[in-house]
>>> print(open('start_26.tsv').read())   # TSV, C-alpha atoms
chain	number	residue	atom	x	y	z
A	37	MET	CA	44.34	-33.43	28.81
A	38	THR	CA	42.41	-31.58	26.19
A	39	GLU	CA	39.48	-29.41	27.34
A	40	ALA	CA	36.56	-29.24	24.92
A	41	HIS	CA	34.79	-25.91	24.61
A	42	THR	CA	31.24	-25.71	23.33
A	43	THR	CA	30.63	-22.68	21.17
A	44	THR	CA	27.17	-21.18	21.54
A	45	SER	CA	25.96	-19.04	18.62
A	46	VAL	CA	23.37	-16.29	19.10
A	47	SER	CA	22.69	-16.02	15.36
A	48	PRO	CA	19.57	-17.82	14.04
A	49	THR	CA	20.30	-20.93	12.05
A	50	ALA	CA	18.66	-21.83	8.76
A	51	ARG	CA	16.46	-24.34	10.56
A	52	HIS	CA	15.25	-21.71	13.02
A	53	VAL	CA	14.52	-19.25	10.22
A	54	TRP	CA	12.56	-21.90	8.31
A	55	THR	CA	10.59	-22.89	11.42
A	56	ARG	CA	9.59	-19.31	12.14
A	57	SER	CA	8.76	-18.29	8.58
A	58	ARG	CA	7.21	-21.42	7.11
A	59	GLY	CA	3.71	-20.48	8.28
A	60	LEU	CA	3.85	-17.10	6.56
A	61	LEU	CA	5.38	-18.61	3.42
A	62	LEU	CA	2.65	-21.25	3.32
A	63	ALA	CA	-0.06	-18.59	3.59
A	64	VAL	CA	1.50	-16.52	0.79
A	65	THR	CA	1.79	-19.63	-1.39
A	66	VAL	CA	-1.87	-20.51	-0.83
A	67	LEU	CA	-2.92	-16.96	-1.72
A	68	LEU	CA	-0.86	-17.01	-4.93
A	69	ILE	CA	-2.25	-20.40	-5.97
A	70	ALA	CA	-5.79	-19.25	-5.23
A	71	GLY	CA	-5.30	-16.04	-7.22
A	72	ILE	CA	-3.89	-17.92	-10.20
A	73	ALA	CA	-6.73	-20.45	-10.06
A	74	ILE	CA	-9.41	-17.75	-9.90
A	75	ALA	CA	-7.80	-15.84	-12.77
A	76	ALA	CA	-7.61	-19.03	-14.86
A	77	VAL	CA	-11.23	-19.93	-14.18
A	78	ARG	CA	-12.55	-16.46	-14.92
A	79	SER	CA	-10.41	-15.81	-17.98
A	80	GLY	CA	-12.38	-18.13	-20.29
A	81	ASP	CA	-15.18	-16.23	-21.99
A	82	GLN	CA	-14.77	-12.87	-20.31
A	83	HIS	CA	-14.37	-9.83	-22.50
A	84	GLY	CA	-14.22	-7.18	-19.82
A	85	ARG	CA	-16.29	-4.57	-18.09
A	86	LEU	CA	-18.90	-2.77	-20.20
A	87	ASP	CA	-18.23	-5.08	-23.13
A	88	PRO	CA	-21.39	-5.74	-25.22
A	89	ARG	CA	-20.07	-9.24	-25.98
A	90	SER	CA	-19.75	-10.26	-22.34
A	91	PHE	CA	-22.35	-12.25	-20.37
A	92	ASP	CA	-20.61	-11.45	-17.08
A	93	PRO	CA	-22.44	-9.36	-14.46
A	94	SER	CA	-20.19	-6.41	-15.33
A	95	GLY	CA	-20.65	-6.93	-19.08
A	96	SER	CA	-23.29	-5.33	-21.34
A	97	ARG	CA	-24.47	-8.19	-23.55
A	98	ALA	CA	-28.09	-7.84	-22.32
A	99	VAL	CA	-28.55	-4.26	-23.51
A	100	ALA	CA	-26.91	-5.13	-26.85
A	101	GLU	CA	-29.40	-7.98	-27.36
A	102	LEU	CA	-32.36	-5.73	-26.53
A	103	LEU	CA	-31.10	-3.13	-29.00
A	104	LYS	CA	-30.73	-5.85	-31.60
A	105	ASP	CA	-34.40	-6.78	-31.14
A	106	GLN	CA	-35.26	-3.14	-31.86
A	107	GLY	CA	-33.28	-3.17	-35.09
A	108	VAL	CA	-30.14	-1.44	-33.79
A	109	ASP	CA	-26.93	-3.14	-34.80
A	110	THR	CA	-23.98	-2.91	-32.41
A	111	ARG	CA	-20.38	-2.86	-33.55
A	112	VAL	CA	-17.36	-2.90	-31.24
A	113	VAL	CA	-14.25	-0.87	-32.07
A	114	THR	CA	-11.04	-0.61	-30.08
A	115	THR	CA	-9.20	2.31	-31.72
A	116	SER	CA	-9.95	6.01	-31.63
A	117	THR	CA	-9.44	6.23	-35.40
A	118	ALA	CA	-12.18	3.65	-36.04
A	119	ALA	CA	-14.47	5.40	-33.57
A	120	ALA	CA	-13.96	8.80	-35.23
A	121	GLU	CA	-14.54	7.37	-38.69
A	122	ALA	CA	-17.76	5.66	-37.56
A	123	ALA	CA	-19.34	8.90	-36.27
A	124	GLY	CA	-22.29	9.99	-38.38
A	125	PRO	CA	-25.91	11.22	-38.28
A	126	ASP	CA	-27.31	7.69	-38.10
A	127	THR	CA	-24.84	6.48	-35.46
A	128	THR	CA	-24.66	6.53	-31.68
A	129	LEU	CA	-21.06	6.42	-30.45
A	130	LEU	CA	-20.58	5.09	-26.92
A	131	VAL	CA	-17.17	5.69	-25.31
A	132	ALA	CA	-16.82	3.20	-22.47
A	133	SER	CA	-13.77	4.61	-20.66
A	134	PRO	CA	-13.00	8.17	-21.80
A	135	ASP	CA	-10.33	8.72	-19.15
A	136	LEU	CA	-8.11	6.06	-20.77
A	137	LEU	CA	-7.73	8.19	-23.89
A	138	THR	CA	-4.76	10.46	-24.38
A	139	GLU	CA	-5.20	14.18	-24.92
A	140	LYS	CA	-4.53	13.71	-28.62
A	141	GLN	CA	-7.20	11.01	-28.89
A	142	GLN	CA	-9.73	13.08	-26.96
A	143	THR	CA	-9.22	16.12	-29.16
A	144	ALA	CA	-9.47	14.11	-32.38
A	145	LEU	CA	-12.59	12.30	-31.19
A	146	HIS	CA	-14.30	15.55	-30.18
A	147	GLU	CA	-13.56	17.16	-33.54
A	148	ALA	CA	-15.01	14.12	-35.34
A	149	THR	CA	-18.23	13.95	-33.30
A	150	GLN	CA	-19.27	17.57	-32.72
A	151	ASN	CA	-20.30	18.04	-36.39
A	152	SER	CA	-21.30	14.44	-37.16
A	153	GLY	CA	-25.01	14.91	-36.50
A	154	GLY	CA	-25.08	11.79	-34.33
A	155	ARG	CA	-25.15	11.14	-30.61
A	156	THR	CA	-22.09	10.56	-28.43
A	157	VAL	CA	-22.53	8.86	-25.05
A	158	LEU	CA	-19.64	9.26	-22.60
A	159	VAL	CA	-19.65	6.78	-19.71
A	160	SER	CA	-18.22	8.12	-16.43
A	161	PRO	CA	-15.83	10.71	-17.89
A	162	GLY	CA	-13.68	12.26	-15.20
A	163	PRO	CA	-11.58	15.41	-15.01
A	164	ALA	CA	-9.03	13.88	-17.43
A	165	SER	CA	-11.50	13.77	-20.33
A	166	VAL	CA	-14.80	15.58	-19.82
A	167	ASP	CA	-13.37	19.08	-20.46
A	168	ARG	CA	-12.22	18.09	-23.95
A	169	LEU	CA	-14.99	15.71	-24.97
A	170	ALA	CA	-17.86	17.79	-23.56
A	171	PRO	CA	-16.89	21.48	-23.24
A	172	GLY	CA	-19.11	23.30	-20.79
A	173	ILE	CA	-19.19	20.41	-18.32
A	174	THR	CA	-16.78	20.01	-15.41
A	175	ALA	CA	-16.35	16.85	-13.36
A	176	SER	CA	-17.07	17.13	-9.64
A	177	VAL	CA	-16.51	14.63	-6.84
A	178	PRO	CA	-18.09	11.16	-7.15
A	179	GLY	CA	-21.39	10.59	-5.38
A	180	PHE	CA	-22.43	7.86	-2.97
A	181	GLU	CA	-25.89	6.90	-4.27
A	182	SER	CA	-26.58	4.78	-7.35
A	183	ALA	CA	-30.36	4.93	-7.86
A	184	LEU	CA	-31.56	8.48	-8.45
A	185	LYS	CA	-34.71	10.27	-9.59
A	186	PRO	CA	-34.80	12.09	-12.97
A	187	GLY	CA	-35.34	15.62	-11.68
A	188	CYS	CA	-35.48	17.07	-15.21
A	189	ALA	CA	-37.73	17.41	-18.30
A	190	LEU	CA	-35.55	15.31	-20.64
A	191	PRO	CA	-38.05	12.97	-22.39
A	192	GLU	CA	-35.83	9.90	-22.03
A	193	ALA	CA	-35.44	10.50	-18.29
A	194	VAL	CA	-39.13	11.24	-17.72
A	195	ARG	CA	-40.19	7.99	-19.44
A	196	ALA	CA	-37.56	5.90	-17.64
A	197	GLY	CA	-38.06	7.23	-14.11
A	198	ASP	CA	-35.59	6.18	-11.41
A	199	ALA	CA	-32.35	4.74	-12.75
A	200	ASP	CA	-28.82	3.78	-11.65
A	201	THR	CA	-26.93	6.75	-13.03
A	202	GLY	CA	-24.99	7.53	-9.86
A	203	GLY	CA	-21.24	7.84	-10.05
A	204	MET	CA	-19.44	10.95	-11.19
A	205	ARG	CA	-21.21	14.26	-10.61
A	206	TYR	CA	-20.83	17.28	-12.85
A	207	THR	CA	-21.00	21.06	-12.87
A	208	VAL	CA	-22.69	22.46	-15.98
A	209	SER	CA	-21.93	25.92	-17.34
A	210	ASP	CA	-23.54	25.52	-20.78
A	211	GLU	CA	-27.03	27.07	-20.70
A	212	GLN	CA	-28.29	24.76	-23.45
A	213	ALA	CA	-27.47	21.62	-21.45
A	214	THR	CA	-30.12	19.62	-19.61
A	215	SER	CA	-29.11	18.32	-16.19
A	216	CYS	CA	-30.78	15.15	-14.89
A	217	TYR	CA	-30.61	12.70	-12.00
A	218	PRO	CA	-29.10	15.12	-9.49
A	219	GLU	CA	-27.37	14.12	-6.28
A	220	ASP	CA	-26.86	16.92	-3.75
A	221	GLY	CA	-27.74	19.41	-6.46
A	222	GLU	CA	-25.21	18.14	-9.02
A	223	PRO	CA	-26.37	16.09	-12.03
A	224	THR	CA	-25.14	12.63	-12.91
A	225	LEU	CA	-26.58	12.71	-16.44
A	226	VAL	CA	-26.18	15.70	-18.75
A	227	HIS	CA	-27.63	16.13	-22.26
A	228	LEU	CA	-25.55	18.64	-24.22
A	229	PRO	CA	-26.49	19.75	-27.75
A	230	THR	CA	-23.49	20.29	-30.07
A	231	ARG	CA	-23.16	22.15	-33.37
A	232	ASP	CA	-24.72	19.34	-35.35
A	233	GLY	CA	-25.49	16.54	-32.93
A	234	GLU	CA	-25.68	15.84	-29.21
A	235	THR	CA	-23.56	14.50	-26.38
A	236	VAL	CA	-24.81	12.60	-23.36
A	237	VAL	CA	-22.58	12.47	-20.29
A	238	LEU	CA	-23.46	9.53	-18.04
A	239	GLY	CA	-22.02	9.61	-14.53
A	240	GLY	CA	-22.12	5.87	-13.85
A	241	PRO	CA	-22.24	2.67	-15.91
A	242	GLY	CA	-24.76	0.89	-13.67
A	243	LEU	CA	-27.73	1.03	-16.03
A	244	LEU	CA	-25.67	-0.64	-18.82
A	245	LEU	CA	-24.51	-3.65	-16.79
A	246	ASN	CA	-26.10	-7.08	-17.15
A	247	ASP	CA	-26.85	-7.52	-13.46
A	248	LEU	CA	-28.56	-4.11	-13.09
A	249	LEU	CA	-30.35	-3.74	-16.41
A	250	ASP	CA	-33.66	-5.10	-15.07
A	251	ASP	CA	-33.65	-2.85	-12.00
A	252	ARG	CA	-35.82	0.30	-11.87
A	253	GLY	CA	-35.90	2.15	-15.19
A	254	ASN	CA	-32.38	1.15	-16.28
A	255	ALA	CA	-33.45	-0.81	-19.35
A	256	SER	CA	-35.77	1.96	-20.56
A	257	LEU	CA	-33.17	4.69	-20.15
A	258	ALA	CA	-30.39	2.58	-21.73
A	259	LEU	CA	-32.49	1.69	-24.78
A	260	GLN	CA	-33.51	5.31	-25.29
A	261	LEU	CA	-29.99	6.69	-24.93
A	262	LEU	CA	-28.39	4.08	-27.20
A	263	GLY	CA	-31.27	3.27	-29.57
A	264	SER	CA	-32.09	6.68	-31.06
A	265	ARG	CA	-30.04	5.82	-34.20
A	266	PRO	CA	-30.01	2.60	-36.24
A	267	HIS	CA	-26.30	2.04	-35.64
A	268	LEU	CA	-24.44	1.81	-32.33
A	269	VAL	CA	-20.64	1.91	-32.26
A	270	TRP	CA	-19.31	0.68	-28.92
A	271	TYR	CA	-15.82	2.07	-28.39
A	272	LEU	CA	-13.67	0.15	-25.89
A	273	PRO	CA	-10.30	1.98	-25.59
A	274	SER	CA	-7.33	-0.34	-25.89
A	275	LEU	CA	-3.64	0.01	-25.09
A	276	GLY	CA	-2.95	-1.61	-28.44
A	277	ASP	CA	-4.24	1.49	-30.23
A	278	SER	CA	-1.38	3.05	-32.21
A	279	ALA	CA	-2.88	6.49	-31.56
A	280	ALA	CA	-2.38	6.00	-27.82
A	281	THR	CA	1.40	6.49	-28.03
A	282	ASP	CA	1.09	10.11	-26.93
A	283	GLY	CA	0.47	9.75	-23.23
A	284	GLY	CA	0.71	13.43	-22.32
A	285	ASP	CA	1.23	14.06	-18.64
A	286	ARG	CA	-0.36	10.79	-17.48
A	287	SER	CA	1.70	8.52	-15.27
A	288	PHE	CA	2.06	4.76	-15.30
A	289	THR	CA	-0.43	4.40	-12.44
A	290	ASP	CA	-3.16	5.97	-14.58
A	291	LEU	CA	-3.05	2.88	-16.81
A	292	ILE	CA	-3.45	0.45	-13.91
A	293	PRO	CA	-7.05	-0.57	-13.12
A	294	SER	CA	-8.29	0.68	-9.77
A	295	GLY	CA	-8.86	-2.90	-8.59
A	296	TRP	CA	-5.15	-3.67	-8.81
A	297	LEU	CA	-4.28	-0.54	-6.83
A	298	TRP	CA	-6.73	-1.47	-4.06
A	299	GLY	CA	-5.45	-5.04	-4.08
A	300	THR	CA	-1.85	-3.85	-3.74
A	301	LEU	CA	-2.86	-1.57	-0.86
A	302	GLN	CA	-4.58	-4.45	0.93
A	303	LEU	CA	-1.55	-6.71	0.47
A	304	THR	CA	0.70	-3.94	1.83
A	305	VAL	CA	-1.47	-3.55	4.93
A	306	ALA	CA	-1.56	-7.34	5.39
A	307	ALA	CA	2.24	-7.54	5.09
A	308	ALA	CA	2.67	-4.74	7.63
A	309	LEU	CA	0.33	-6.47	10.09
A	310	ALA	CA	2.17	-9.76	9.61
A	311	ALA	CA	5.50	-8.02	10.23
A	312	LEU	CA	4.17	-6.45	13.44
A	313	TRP	CA	2.78	-9.81	14.51
A	314	ARG	CA	6.07	-11.66	13.97
A	315	ALA	CA	8.40	-8.85	15.08
A	316	ARG	CA	10.16	-8.82	18.44
A	317	ARG	CA	8.20	-7.17	21.23
A	318	LEU	CA	9.86	-4.00	22.48
A	319	GLY	CA	9.75	-3.16	26.16
A	320	PRO	CA	11.69	-3.25	29.42
A	321	LEU	CA	13.97	-6.16	30.12
A	322	VAL	CA	12.34	-8.88	32.20
A	323	PRO	CA	14.55	-11.27	34.21
A	324	GLU	CA	13.89	-14.91	33.48
A	325	ARG	CA	15.11	-18.05	35.15
A	326	LEU	CA	17.44	-19.98	32.91
A	327	PRO	CA	16.15	-23.38	31.83
A	328	VAL	CA	19.46	-24.96	32.89
A	329	ALA	CA	22.04	-24.13	35.54
A	330	ILE	CA	25.16	-22.42	34.19
A	331	ARG	CA	28.42	-22.30	36.13
A	332	ALA	CA	29.61	-18.88	37.14
A	333	SER	CA	32.96	-19.52	35.46
A	334	GLU	CA	31.21	-20.34	32.18
A	335	ALA	CA	29.07	-17.21	32.37
A	336	ALA	CA	32.15	-15.09	33.12
A	337	GLU	CA	34.04	-16.73	30.25
A	338	GLY	CA	31.15	-16.15	27.86
A	339	ARG	CA	30.92	-12.48	28.81
A	340	ALA	CA	34.68	-12.12	28.46
A	341	ARG	CA	34.52	-13.55	24.94
A	342	LEU	CA	31.82	-11.06	24.01
A	343	TYR	CA	33.90	-8.19	25.39
A	344	ARG	CA	36.96	-9.42	23.50
A	345	LYS	CA	35.03	-9.82	20.26
A	346	ALA	CA	33.76	-6.24	20.57
A	347	ASN	CA	37.14	-4.87	21.78
A	348	ALA	CA	35.25	-3.51	24.80
A	349	ARG	CA	38.23	-3.14	27.11
A	350	ASP	CA	36.63	-0.14	28.77
A	351	ARG	CA	33.59	-2.18	29.89
A	352	ALA	CA	35.76	-5.08	30.97
A	353	ALA	CA	37.95	-2.78	33.06
A	354	THR	CA	34.87	-1.15	34.61
A	355	ALA	CA	33.49	-4.57	35.53
A	356	LEU	CA	36.79	-5.62	37.13
A	357	ARG	CA	37.15	-2.37	39.11
A	358	THR	CA	33.51	-2.38	40.25
A	359	ALA	CA	33.78	-5.96	41.51
A	360	ALA	CA	37.03	-5.23	43.32
A	361	LEU	CA	35.67	-2.07	44.99
A	362	THR	CA	32.48	-3.91	46.04
A	363	ARG	CA	34.59	-6.57	47.80
A	364	LEU	CA	37.07	-4.06	49.31
A	365	ALA	CA	34.48	-1.67	50.79
A	366	PRO	CA	33.43	-3.93	53.75
A	367	LEU	CA	37.11	-4.70	54.50
A	368	VAL	CA	38.00	-1.00	55.03
A	369	GLY	CA	34.77	0.02	56.79
A	370	VAL	CA	33.04	1.78	53.88
A	371	PRO	CA	29.31	1.13	53.26
A	372	PRO	CA	28.71	-0.95	50.11
A	373	SER	CA	26.55	1.84	48.67
A	374	HIS	CA	29.62	4.14	48.70
A	375	ALA	CA	32.02	1.61	47.23
A	376	LEU	CA	32.31	3.54	43.93
A	377	SER	CA	33.03	6.87	45.62
A	378	PRO	CA	36.75	7.78	45.37
A	379	GLU	CA	36.35	10.40	48.16
A	380	GLU	CA	35.60	7.64	50.69
A	381	MET	CA	37.39	4.62	49.28
A	382	LEU	CA	40.84	6.12	48.66
A	383	PRO	CA	41.44	7.50	52.21
A	384	ALA	CA	40.13	4.29	53.78
A	385	LEU	CA	42.44	2.13	51.65
A	386	SER	CA	45.47	4.37	52.30
A	387	THR	CA	45.17	3.84	56.06
A	388	ARG	CA	45.18	0.04	55.59
A	389	LEU	CA	48.21	-0.11	53.33
A	390	PRO	CA	51.77	0.28	54.56
A	391	ASP	CA	52.89	1.88	51.30
A	392	GLY	CA	50.99	5.13	51.13
A	393	THR	CA	52.64	6.31	47.96
A	394	ARG	CA	50.81	3.82	45.73
A	395	ASP	CA	48.65	5.44	43.02
A	396	LEU	CA	45.33	3.94	44.07
A	397	HIS	CA	43.28	6.49	42.13
A	398	SER	CA	44.80	5.45	38.80
A	399	LEU	CA	44.37	1.79	39.67
A	400	LEU	CA	40.75	1.93	40.84
A	401	PHE	CA	39.30	4.95	39.02
A	402	GLY	CA	41.73	5.59	36.17
A	403	PRO	CA	41.20	5.48	32.40
A	404	PRO	CA	40.56	2.20	30.59
A	405	PRO	CA	43.59	0.18	29.45
A	406	GLY	CA	44.83	0.71	25.92
A	407	ASP	CA	45.41	-2.93	24.97
A	408	ASP	CA	44.81	-6.48	26.15
A	409	ALA	CA	48.16	-6.69	27.96
A	410	ALA	CA	47.30	-3.60	30.04
A	411	LEU	CA	43.87	-5.11	30.82
A	412	ILE	CA	45.53	-8.31	32.12
A	413	ALA	CA	47.98	-6.26	34.18
A	414	LEU	CA	45.05	-4.31	35.66
A	415	ALA	CA	43.35	-7.56	36.71
A	416	ASP	CA	46.56	-8.80	38.36
A	417	GLN	CA	47.06	-5.50	40.23
A	418	LEU	CA	43.48	-5.55	41.51
A	419	ASP	CA	43.93	-9.12	42.78
A	420	ALA	CA	47.18	-8.16	44.50
A	421	LEU	CA	45.57	-5.11	46.12
A	422	GLU	CA	42.68	-7.21	47.46
A	423	ARG	CA	45.04	-9.82	48.91
A	424	GLU	CA	47.13	-7.12	50.54
A	425	VAL	CA	44.12	-5.49	52.16
A	426	ARG	CA	42.83	-8.82	53.46
A	427	THR	CA	46.18	-9.69	55.08
A	428	SER	CA	46.87	-6.26	56.56
>>> encode(input="start_26.tsv", output="structure tokens")
Amino acid sequence: MTEAHTTTSVSPTARHVWTRSRGLLLAVTVLLIAGIAIAAVRSGDQHGRLDPRSFDPSGSRAVAELLKDQGVDTRVVTTSTAAAEAAGPDTTLLVASPDLLTEKQQTALHEATQNSGGRTVLVSPGPASVDRLAPGITASVPGFESALKPGCALPEAVRAGDADTGGMRYTVSDEQATSCYPEDGEPTLVHLPTRDGETVVLGGPGLLLNDLLDDRGNASLALQLLGSRPHLVWYLPSLGDSAATDGGDRSFTDLIPSGWLWGTLQLTVAAALAALWRARRLGPLVPERLPVAIRASEAAEGRARLYRKANARDRAATALRTAALTRLAPLVGVPPSHALSPEEMLPALSTRLPDGTRDLHSLLFGPPPGDDAALIALADQLDALEREVRTS
């Protein structure tokens, strides 16, 4: 007669893994599809932030059209060489993202504009660029307010009134500079005369954006800052610029837009929360009733297989000795709570056995067996000892 044994595996199967993870995979798939769809829809006619060709809310097409009506022509350049060559007494040069320029580009652009006789407008320059492009001005911490009052005698600011210049704040050490639109005592717009021209440092791009141009005095201030010369050169730094090969000490993360960094951080937090949600709960063991009845012999056989697989002969021997002592204690008059005490069990067993020379201490409290054969012999000896005590 052949006995069939059912093998129970504690490892998760592929079906179990799929059942538990399909919800999370579906959510990730939906997010990816939605992101691709949004990117495809919004990638049509967009030119980018602060681009005078863009009709998007973050573009600057509106101010370019108003300047055109006033006779100011706007030209877009994407290389620092073209921007430096365009600088002149009848030209306003706007640098949209000064912090994206390398040290070499910043130095070359400053040398080309300080003696050009024209006006240079720097939009939100930070610590990485303002020291080189506008010496005498140091970037401070960003502010929290957008709409600010002029707070200075600069004619353009007085005529415009309140405007959205908030963003970066600056510390000015040049006595010839005019500080405007302060927040907590630090200006967000600085007018700095140069050797043969002027530089305007603008803390925030809000007044140049399409969706904010008609708020407060944004349009007036933008037209005055950018329309003082008949020509406006709008410099949008590009990674395709051959002069941008010298990256200095800037890292790869400096070239990543801040939106991507925040998006990555949010995805990381979401993944961590999902992992905590799906992870096993840690805590004390809680006894549960089994959904089906299991024979004691099957449970013992299953535990024995686990012990054998782990070569845990020490635990198996301890289990055998503990069970034998628990059954022997009532037979020799020892309380069950003292069954594992050799000081009480050994004398009590010696008085019940005719052969007092037997090494009971080694049998009941000795070291674990060294191999499987010794473990089997230990089980047989314990059974024989129990039978002998019961019949004595």
>>> atom_distance(input="start_26.tsv", atom1="atom CA of Val226 of chain A", atom2="atom CA of Ala213 of chain A")
6.6 Å
>>> closest_residue(input="start_26.tsv", among="A:Val53, A:Ala175, A:Leu136, A:Ala420", to="Ser209 of chain A", atoms="all atoms listed in the file")
A:Ala175
>>> closest_residue(input="start_26.tsv", among="A:Ala98, A:Leu228, A:Leu418, A:Ala164", to="Asp250 of chain A", atoms="all atoms listed in the file")
A:Ala98
>>> atom_distance(input="start_26.tsv", atom1="atom CA of Leu184 of chain A", atom2="atom CA of Tyr217 of chain A")
5.6 Å
>>> atom_distance(input="start_26.tsv", atom1="atom CA of Phe401 of chain A", atom2="atom CA of Thr427 of chain A")
22.8 Å
>>> closest_atom_pairs(input="start_26.tsv", of="segment 101-189 of chain A", to="segment 91-96 of chain A", cutoff="12 Å", atoms="all atoms listed in the file", output="JSON lines")
{"residue": "A:Glu101", "atom": "CA", "partner": "A:Ser96", "partner_atom": "CA", "distance": 9.0}
{"residue": "A:Leu102", "atom": "CA", "partner": "A:Ser96", "partner_atom": "CA", "distance": 10.5}
{"residue": "A:Leu103", "atom": "CA", "partner": "A:Ser96", "partner_atom": "CA", "distance": 11.2}
{"residue": "A:Thr110", "atom": "CA", "partner": "A:Ser96", "partner_atom": "CA", "distance": 11.4}
{"residue": "A:Val112", "atom": "CA", "partner": "A:Ser96", "partner_atom": "CA", "distance": 11.8}
{"residue": "A:Ala132", "atom": "CA", "partner": "A:Ser96", "partner_atom": "CA", "distance": 10.8}
>>> closest_residue(input="start_26.tsv", among="A:Ala63, A:Val236, A:Ile173, A:Ala415", to="Ala359 of chain A", atoms="only C-alpha atoms")
A:Ala415
>>> closest_residue(input="start_26.tsv", among="A:Leu67, A:Ala183, A:Ala148, A:Val425", to="Ala120 of chain A", atoms="all atoms listed in the file")
A:Ala148
>>> residues_around(input="start_26.tsv", residues="segment 267-270 of chain A", least_positions_apart="5", cutoff="8 Å", atoms="all atoms listed in the file", output="VMD selection string")
chain A and resid 88 108 to 113 119 122 126 to 132 262
>>> residues_near_point(input="start_26.tsv", point="(-33.7, 19.2, -18.9)", cutoff="6 Å", atoms="only C-alpha atoms", output="ChimeraX atom specification")
/A:188-190,214-215
>>> closest_residue(input="start_26.tsv", among="A:Gly242, A:Gly253, A:Gly295, A:Ser152", to="Arg195 of chain A", atoms="all atoms listed in the file")
A:Gly253
>>> decode(input="start_26.tsv", residues="segment 344-355 of chain A", atoms="N, CA and C atoms", output="mmCIF file, in the first residue's frame")
data_model
loop_
_atom_site.group_PDB
_atom_site.id
_atom_site.type_symbol
_atom_site.label_atom_id
_atom_site.label_comp_id
_atom_site.auth_asym_id
_atom_site.auth_seq_id
_atom_site.Cartn_x
_atom_site.Cartn_y
_atom_site.Cartn_z
ATOM 1 N N ARG A 344 14.301 19.036 10.301
ATOM 2 C CA ARG A 344 15.284 18.305 9.496
ATOM 3 C C ARG A 344 15.842 19.189 8.380
ATOM 4 N N LYS A 345 14.958 19.974 7.768
ATOM 5 C CA LYS A 345 15.417 20.856 6.689
ATOM 6 C C LYS A 345 16.410 21.893 7.205
ATOM 7 N N ALA A 346 16.211 22.345 8.442
ATOM 8 C CA ALA A 346 17.101 23.348 9.024
ATOM 9 C C ALA A 346 18.244 22.739 9.812
ATOM 10 N N ASN A 347 18.348 21.389 9.843
ATOM 11 C CA ASN A 347 19.372 20.700 10.639
ATOM 12 C C ASN A 347 19.321 21.141 12.101
ATOM 13 N N ALA A 348 18.102 21.347 12.608
ATOM 14 C CA ALA A 348 17.935 21.833 13.980
ATOM 15 C C ALA A 348 17.795 20.658 14.934
ATOM 16 N N ARG A 349 18.846 19.848 15.038
ATOM 17 C CA ARG A 349 18.789 18.711 15.956
ATOM 18 C C ARG A 349 18.733 19.152 17.406
ATOM 19 N N ASP A 350 19.308 20.301 17.718
ATOM 20 C CA ASP A 350 19.276 20.780 19.093
ATOM 21 C C ASP A 350 17.842 21.082 19.531
ATOM 22 N N ARG A 351 17.060 21.751 18.647
ATOM 23 C CA ARG A 351 15.675 22.058 19.001
ATOM 24 C C ARG A 351 14.813 20.787 19.046
ATOM 25 N N ALA A 352 15.077 19.881 18.143
ATOM 26 C CA ALA A 352 14.323 18.630 18.157
ATOM 27 C C ALA A 352 14.604 17.858 19.437
ATOM 28 N N ALA A 353 15.865 17.792 19.846
ATOM 29 C CA ALA A 353 16.203 17.077 21.078
ATOM 30 C C ALA A 353 15.589 17.764 22.289
ATOM 31 N N THR A 354 15.593 19.093 22.306
ATOM 32 C CA THR A 354 14.970 19.821 23.419
ATOM 33 C C THR A 354 13.478 19.530 23.491
ATOM 34 N N ALA A 355 12.814 19.485 22.323
ATOM 35 C CA ALA A 355 11.385 19.187 22.311
ATOM 36 C C ALA A 355 11.105 17.783 22.833
#
